[in-house]
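Encoded as structure tokens, the structure appears first; notes follow it.
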Number of protein chains: 2
Amino acid sequence: MRLTTFSDYTLRVLMYAGSVGDRLITIDETARTYNISRAHLMKVVNTLTRAGYLEGVRGRSGGFRLAHPPAKINLGAVVRETELDFALVECFTADNHCLISRFCRLPNVLNEALNAFIATLDRYTLADLLLSERDFDLLSPPRGLVRGPLVDGLKASNS
Amino acid sequence: MRLTTFSDYTLRVLMYAGSVGDRLITIDETARTYNISRAHLMKVVNTLTRAGYLEGVRGRSGGFRLAHPPAKINLGAVVRETELDFALVECFTADNHCLISRFCRLPNVLNEALNAFIATLDRYTLADLLLSERDFDLLSPPRGLVRGPLVDGLKASNS
């Protein structure tokens with residue numbers, strides 16, 4: 001089970017923008033901070049600007065920042081916006097060919113589980129994810145550090 | 001957000017095996033029933049047999065069937081078994097390079113959401129998904145039928 005890279009990067013951009021406060025940041029700076037592709041980030045920042053989460057300031061010392069206080073940016077709402085495709089199984093897509101789709105009871109169960117997932121995110125805002133700006137000043141990637149998944153009843157994959 | 005095809009096919013195999021009762025079924029029959037790849041199904045059936053969900057019967061009229069009553073096959077347990085990779089974001093994988101992994105608060109939120117997803121599946125068993133054998137006797141795929149996702153607060157994609 002995976003979120004799209006688009007959602008992953010969206011959350012990173014918002015966390016960084018929120019963590020630096022009112023300071024304008026740029027796509028280049030954000031790409032360097034996370035050591036990720038500038039091209040991917042450009043699409044993410046454009047989408048977040050159009051959706052009203054970020055506001056851009058033009059000019060030589062321009063950049064972008066949050067358009068709202070972090071406590072007003074709900075994580076469930078963000079993921080609904082970015083995770084266009086909650087295609088857990090084939091019959092959740094327009095390219096569905098599963099022959100038992102008309103009768104199958106699985107979609108009801110999966111939709112209930114999906115809504116439990118999103119409802120959890122609905123209880124958090126960007127304010128719950130903010131770090132100090134200093135936390136972003138790391139020199140090397142965290143070799144072998146895995147933060148999840150930690151599924152109840154499943155052997156922890158954390159090492 | 002997607003489950004793996006492996007989980008999708010696993011659930012289909014179990015639903016079909018459960019819906020035909022004690023009758024032995026084969027990989028060929030299951031592949032025809034769902035119009036999906038025999039090669040994919042073989043791996044699924046082997047895994048489910050090794051994991052004790054299916055039991056195989058050798059010989060010319062052999063095949064496989066459920067190894068337990070459907071009410072004893074919990075959907076959360078099945079998905080924990082098949083969805084080896086709950087890699088919602090990069091730091092849930094061994095190939096994690098995200099520089100803020102040590103401090104980031106997002107994994108806690110995502111693990112909580114993931115557990116809410118699985119906990120929903122834990123409330124259902126295969127018995128909740130069984131159909132009549134007749135429901136599998138369809139002649140054509142359901143053109144354009146989409147069964148999900150139906151996320152609260154998101155425009156329904158059902159058509």
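Ligands are numbered from 1 in the order shown, chains are lettered A, B, ... in the order of the structure tokens, and residues start at 1 in each chain.
Omitting Tyr9 in chain A and its sequence neighbours fewer than 5 positions away, and counting only C-alpha atoms, the residues within 10 Å are A:Thr4, A:Leu14, A:Met15, A:Ala31, A:Tyr34, A:Ile36, A:Ser37, A:His40, A:Leu41, A:Lys43, A:Val44, A:Val45, A:Thr82, B:Val89, B:Glu90.
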Written file, previous selection with C-alpha atoms, as a CSV table (one decimal), in the first residue's frame:
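Result file is again-v5.csv:
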chain,number,residue,atom,x,y,z
A,4,THR,CA,1.8,8.6,-4.6
A,14,LEU,CA,4.2,22.0,3.3
A,15,MET,CA,6.3,20.8,6.3
A,31,ALA,CA,14.8,20.5,-3.7
A,34,TYR,CA,15.2,17.2,0.7
A,36,ILE,CA,14.8,15.5,-4.5
A,37,SER,CA,14.1,16.3,-8.1
A,40,HIS,CA,8.8,16.9,-9.4
A,41,LEU,CA,8.7,19.7,-6.9
A,43,LYS,CA,4.6,20.4,-10.3
A,44,VAL,CA,3.8,20.0,-6.6
A,45,VAL,CA,4.3,23.7,-5.8
A,82,THR,CA,-3.2,15.3,-3.9
B,89,VAL,CA,6.1,7.2,1.9
B,90,GLU,CA,9.8,6.9,1.3
Q) Where in range 22-144 of chain A does DSSP assign strand (DSSP E or B), given as a list in words? A)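 Restricting range 22-144 of chain A to strand (DSSP E or B) produces Ile25, Leu54, Glu55, Gly56, Val57, Gly63, Phe64, Arg65, Leu66, Asn74 and Thr125 of chain A.
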Kindly save the residues from that selection, with C-alpha atoms included, as a compact mmCIF listing (two decimals), in the first residue's frame.
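Saved result, result.txt, follows:
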# COMPACT_ATOMS: atom_id res chain seq x y z
CA ILE A 25 11.43 29.74 0.13
CA LEU A 54 0.82 28.22 -0.96
CA GLU A 55 1.13 31.80 -2.10
CA GLY A 56 3.80 32.87 -4.54
CA VAL A 57 5.68 36.18 -4.52
CA GLY A 63 9.46 32.58 -3.67
CA PHE A 64 6.55 30.97 -1.91
CA ARG A 65 5.17 30.50 1.59
CA LEU A 66 2.08 29.06 3.25
CA ASN A 74 -5.82 19.86 7.51
CA THR A 125 -3.11 19.66 10.79
**Q.** Coordinates-based distance that separates CA of Tyr53 in chain A from CA of Arg23 in chain A (Å, one decimal)
**A.** 15.4 Å
(Q) For a test of reading the model, state the distance in Å between CA of His97 in chain B and CA of Leu114 in chain B, rounded to one decimal. (A)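 Rounded to one decimal, the two atoms are 21.5 Å apart.
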**Q.** Which of chain A fall in alpha helix (DSSP H), as a ChimeraX atom specification
**A.** /A:5-19,27-34,38-50,75-82,106-122
Q | Contact residues around Val151 in chain B with only C-alpha atoms at 10 Å, ignoring same-chain residues under 3 positions, as a list in words | A | Arg80, Phe86, Asn111, Glu112, Ala113, Leu114, Asn115, Ala116, Phe117, Ile118 and Ala119 of chain A; Gly148, Leu154, Lys155, Ala156 and Ser157 of chain B
(Q) Excluding Ser132 in chain B and its own-chain neighbours fewer than 5 positions away, which residues fall within 10 Å of it when counting only C-alpha atoms? Please give them as a list in words. (A) Phe103 of chain A; Tyr16, Gly18, Ser19, Val20, Gly21 and Asp137 of chain B
Can I get the selection written as a PDB file, in the first residue's frame, with N, CA and C atoms?
ATOM      1  N   PHE A 103     -21.522  -7.547  -8.254  1.00  0.00           N
ATOM      2  CA  PHE A 103     -22.020  -8.221  -7.055  1.00  0.00           C
ATOM      3  C   PHE A 103     -21.071  -8.124  -5.873  1.00  0.00           C
TER       4      PHE A 103
ATOM      5  N   TYR B  16     -13.482 -16.559  -4.557  1.00  0.00           N
ATOM      6  CA  TYR B  16     -13.986 -17.595  -5.462  1.00  0.00           C
ATOM      7  C   TYR B  16     -13.969 -18.957  -4.774  1.00  0.00           C
ATOM      8  N   GLY B  18     -14.088 -19.612  -1.655  1.00  0.00           N
ATOM      9  CA  GLY B  18     -15.124 -19.647  -0.619  1.00  0.00           C
ATOM     10  C   GLY B  18     -16.517 -19.757  -1.207  1.00  0.00           C
ATOM     11  N   SER B  19     -16.722 -19.136  -2.364  1.00  0.00           N
ATOM     12  CA  SER B  19     -18.068 -19.079  -2.934  1.00  0.00           C
ATOM     13  C   SER B  19     -18.491 -20.394  -3.579  1.00  0.00           C
ATOM     14  N   VAL B  20     -17.532 -21.240  -3.962  1.00  0.00           N
ATOM     15  CA  VAL B  20     -17.908 -22.521  -4.580  1.00  0.00           C
ATOM     16  C   VAL B  20     -17.993 -23.645  -3.547  1.00  0.00           C
ATOM     17  N   GLY B  21     -17.742 -23.305  -2.294  1.00  0.00           N
ATOM     18  CA  GLY B  21     -17.901 -24.314  -1.239  1.00  0.00           C
ATOM     19  C   GLY B  21     -16.774 -25.328  -1.241  1.00  0.00           C
ATOM     20  N   ASP B 137     -20.852 -16.385 -13.047  1.00  0.00           N
ATOM     21  CA  ASP B 137     -21.132 -16.791 -14.426  1.00  0.00           C
ATOM     22  C   ASP B 137     -21.583 -15.611 -15.284  1.00  0.00           C
TER      23      ASP B 137
END
**Q.** Pick from B:Val79, B:Leu48, B:Ala94, B:Leu126 nearest to chain A, counting only C-alpha atoms
**A.** B:Ala94
